[in-house]
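Participant: Dumping the structure here so I can ask a few things about it.
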Amino acid sequence: MEEAVEFQPTPAPPVAKRVPQATTLHGETRVDDYAWLRNKEDAEVVAYLEAENAYADGILLPTKDLRENLYKEMLSRIKETDLSVPYRKGGHFYYSRTEQGKQYAIHCRKRGGLEAPEEIVLEMNAMAQGEKFLALGAYEVSDDGNLLAFSTDVTGFRQYTLQVKDLRTGEILPDRVERVAAVAWAADPATLYYVVEDDAKRPYRLYRHRLGSAAHDLLYEETDERFFLDVDRTRSGEYLFAHSVSKTTTEVRVLRADDTAGSFQLVRPRTAEHEYYLEHHREHFYIRTNDAGKNFRLARVPVAAPGGPWEEVVPHRPQVMLEGAMAFTRHLVLLEREGGLPHLSVLEVASRASHRIPFPEPAYHTGPEQNRTFDTAVFRYAYTSLVTPPSVYDYDMDARTASLLKRREVLGGYDASRYEVERLQATAADGTSIPISLVFRKGIARDGSNPLYLGGYGSYGIPLPVTFDSNRFSLIDRGVVLAYAHVRGGGELGKAWHDQGRMRNKKNTFTDFIAAAEHLVHEGYTSPDRLVIAGGSAGGLLMGAVVNLRPDLFHAVLAQVPFVDVINTMLDTSLPLTVTEYEEWGNPNLPEEYANLRTYSPYDNLEAKAYPAMLVRTSLNDSQVMYWEPAKYVAKLRTLKTDSNPLLLVTNLAAGHGGSSGRYDLLREIALNYAWILTEMHLAP
C-alpha cells in the first residue's frame with residue numbers, strides 16, 4: 001500500500017467576471033462574462049491559468065505516487081530504443097529510430113541497401129535543444145536525394161517554418177519561408193512548390209521557388225475562405241496536383257513535374273457539393289468522385305484530355321465508402337469502408353479484376369504505410385486492433401500473400417489471449433444502430449459492477465479508429481472496460497453517417513453517445529456511478545453537450561482541448577478554421593443555423609445543476625481549439641454547478657493541440673489522466 005499523502009489543496013481560483021461582453025444576435029442579447037480570458041497577452045489571464053493549474057495540482061496531490069507508478073508502468077511496456085520499418089525512395093532506404101532517454105525521433109537513411117552505413121538526416125533531439133516544443137511538418141527529399149525540404153513548429157501553434165538542408169554537406173540553405181502548410185519538389189531538384197497560410201491559418205497561396213534565387217512566384221491564390229489549398233506530387237513522380245478543398249467541394253489543378261515554367265491547369269471547375277480527387281497512372285488520371293453518389297465512385301480520364309468525359313472504373317456502391325485510391329504500375333489499391341470497418345481492395349488495371357486483402361479479427365484498423373515507389377507489385381500497409389500491436393506488412397499484389405515485417409514489441413509479458421474484444425450495437429431514439437467497440441479482461445461479470453471508460457468523437461466524417469495502445473492496459477488490467485462509441489458525424493458507415501451527424505443533424509451525435517452509454521448500462525457492463533467518458537477537440541464538444549443533456553448518466557468526464565464555445569468561435573472569422581467549418585457546424589450569422597447551434601453549444605447551455613466530476617485539459621498555444629474555450633467553460637461552470645464534484649482545468653503553457661511534443665513528457669500527461677480516472681473509479685490505492 002502507498003502511504004497516504006496529507007495535503008491542503010490550493011483554494012479554487014476566484015472567477016473574475018470583469019467587464020462582460022454583450023452582443024445582440026437575431027434578437028437575443030448574449031452576455032459573455034468571461035470574454036476577457038481571450039487576451040493571451042494579459043498578465044492576469046496567464047495568472048488565472050496558473051492559478052487553475054495550482055488548484056489542480058493541490059487536488060491531484062494524493063495521486064502523485066500513483067502518477068509516477070503509472071508512468072513507470074507504461075514506460076516499461078515500451079521498447080525505448082527502436083527502429084521503424086525502412087522504406088525505399090529513389091536510391092535510399094529511409095527510417096526513423098528512437099534512443100532510450102531521448103524525447104524525439106532521429107530520422108536516418110542508408111544508400112543502396114540496409115547494410116550500408118547510416119546517414120542521419122535530421123536529429124530532432126539536437127534541434128529541440130533550448131525549445132519547449134518541437135514538431136516536424138514537411139519531410140520531403142528531392143529526386144536526386146541531395147536536398148531535404150523540412151518544416152518545424154516550435155510553439156505548438158502548428159505554424160511551420162520551411163527550410164532546406166543539403167544532405168551532402170549538412171548545411172542549412174538560406175532559403176527560408178514562414179507559415180508553410182504544404183511542400184512538393186519539382187522533378188528539377190532545385191525547384192520547390194509550397195503553400196502558405198493567411199492570418200487565419202488558412203492555406204491559400206501556392207508559390208514556386210528556385211533555390212538560391214530571390215524570386216517566389218505566386219502561381220495561384222484561393223480567394224474563397226471556405227477552401228484550403230494544398231499541393232502534392234504523384235507517386236509516379238510525373239505530376240503535381242494543387243487541390244482546393246472545402247468541407248463539401250473540391251477543385252484540382254495539374255502541372256507536369258518537369259515543367260518548372262508552366263502553370264497549373266484546371267481539371268474541372270468546382271460545383272457545389274461535388275468532391276473529386278486525382279491519382280496519376282501512366283496515360284490516365286484516376287478520379288475518386290461523388291458525382292453519382294455520396295460514397296464515391298472511381299473513374300478515369302486521359303492525361304492528354306483531362307477536361308474530357310470520365311470513364312467509369314468502379315461504380316458507386318451504397319454500402320461501400322471509397323475513401324481513397326493509390327496507383328502502382330499494374331495495380332490500384334482502393335481504400336474502402338464497409339460495415340463500419342476499413343478494407344483494402346486490389347484492382348488489376350489491365351483486367352479490372354479485384355480482390356480484398358483478408359484480415360483475421362472482427363474489429364481492427366488498417367491503412368497504407370509508406371509506399372513511395374510506383375513501379376512495384378508490393379503494397380505496404382499497417383494493421384492493428386484493440387489487442388494487436390501496430391504491425392507493418394508487405395503485400396504481394398500478384399501472389400496475394402502478406403509478409404509481416406514488424407510488429408511493435410510490447411515488453412512486460414503482454415499476452416493478447418488474456419483479453420476479449422466485442423462489437424455491440426446500441427439503438428438510437430430513431431432506430432439507428434450505433435456500433436460500440438469494447439476490450440476488457442476475460443471473465444468480467446456483467447452485473448453492472450465494472451468501471452467503464454467510454455470514448456467518442458463523431459465529427460468531420462472521421463472514423464474513430466479501433467487501434468492498439470499499450471498504455472490503456474494500465475486501465476484494463478485494473479479491471480476497467482474500455483469502450484468506444486462510433487456515433488453519427490464520424491465516417492464509420494460512409495458519407496451518410498457523417499451527414500446524419502453534422503449541421504442541422506448534429507444533435508444525433510450526442511443522443512447516439514447517450515444511447516451507447518445507456519446500452520452498456522442496460523447490458524450490465526457498468527453503471528452510471530462507475531462510468532467515465534472521454535473525448536478531445538470535437539470529441540470535447542461531444543463531452544460538453546452530453547453532460548448538459550444527461551449529467552446523471554456519467555460519473556466523471558475527461559475533456560481534452562474541448563471545442564465548447566461553439567457560437568462565439570464560429571462568429572469570429574479571424575480565428576483559424578471558422579469559415580471553412582461553416583459547412584460542418586453552421587454559420588451563426590444565419591438565423592436558422594444560429595438557432596440550431598444555440599440548442600447544443602456547451603458553453604451557452606450550462607445551467608445551475610449538478611454535474612459530474614470533470615478534468616478539462618488545454619494548451620496555451622493551441623491553434624485549433626483556442627485555450628480560452630475550455631478556460632471560459634470552466635470559469636462559467638464554477639459559478640453554476642450545484643454539486644461538490646471536482647472541476648479541474650489543467651493548461652499546458654508550452655504546447656499546442658496535441659499536448660507535449662516530447663514522448664516522455666506526453667507519457668506523463670497520460671499518467672495524470674489515468675490517475676485521475678482511476679481515482680474517480682475508486683481504483684486508486
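The way I read the labels, and the way they are meant: chains A, B, ... in the order of the C-alpha cells, residue 1 as the first residue of every chain, and ligand 1 as the first ligand shown, with later ones counted on from there.
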List every residue of stretch 372-511 of chain A that DSSP, applied to the backbone of this structure, places in helix (DSSP H, G or I), and write the result as a VMD selection string.

Facilitator: chain A and resid 416 to 418 470 to 476 495 to 499 503 to 505 507 to 511

Participant: Could you pull out the strand (DSSP E) residues of stretch 50-162 of chain A from DSSP and send them as a ChimeraX atom specification?

Facilitator: /A:82-83,87-89,92-98,106-111,118-123,135-141,147-153,161-162

Participant: I'd like the neighbourhood of A:Ala51 as a list in words, where a residue qualifies if any of its atoms comes within 9 Å (using only C-alpha atoms), though same-chain residues fewer than 3 positions away should be ignored.

Facilitator: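 Returned residues: Thr10, Ala12, Pro13, Pro14, Val46, Ala47, Tyr48, Ala54, Tyr55 and Ala56 of chain A.
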
Participant: Counting only C-alpha atoms, which residues of stretch 581-684 of chain A sit at most 10 Å from some atom of stretch 469-473 of chain A, and what is each one's closest atom pair with its distance in Å to one decimal, listed by chain and rising residue number, as a tab-separated table?

Facilitator:
residue	atom	partner	partner_atom	distance
A:Leu667	CA	A:Asn471	CA	8.7
A:Ile670	CA	A:Asn471	CA	8.3
A:Ala671	CA	A:Asn471	CA	8.9
A:Tyr674	CA	A:Arg472	CA	8.8

Participant: Between A:Val521, A:Ala416, A:Ala613, A:Ala377, which residue has the minimum interatomic distance to A:Gly448, considering only C-alpha atoms?

Facilitator: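 Once distances to A:Gly448 are computed over only C-alpha atoms, the minimum belongs to A:Val521.
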
Participant: May I have the residues within 10 Å of stretch 247-255 of chain A as a PyMOL selection string, using only C-alpha atoms and disregarding those fewer than 6 positions away in the same chain?

Facilitator: chain A and resi 186+220+226-231+233+238-241+261-278+289-290+303+306+460-461+580-584

Participant: In terms of the shortest atom-to-atom distance over only C-alpha atoms, which of A:Thr467, A:Ser660, A:Ser151, A:Ser244 is closest to A:Tyr383?

Facilitator: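 Of A:Thr467, A:Ser660, A:Ser151, A:Ser244, the one nearest A:Tyr383 is A:Thr467, counting only C-alpha atoms.
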
Participant: Can you tell me which residues surround A:Val301 at a distance of at most 6 Å, considering only C-alpha atoms, apart from same-chain residues fewer than 6 positions away, and format the answer as a list of chain:residue names?

Facilitator: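 Once the nearby chain positions are removed, what remains is A:His284, A:Phe285, A:Trp310.
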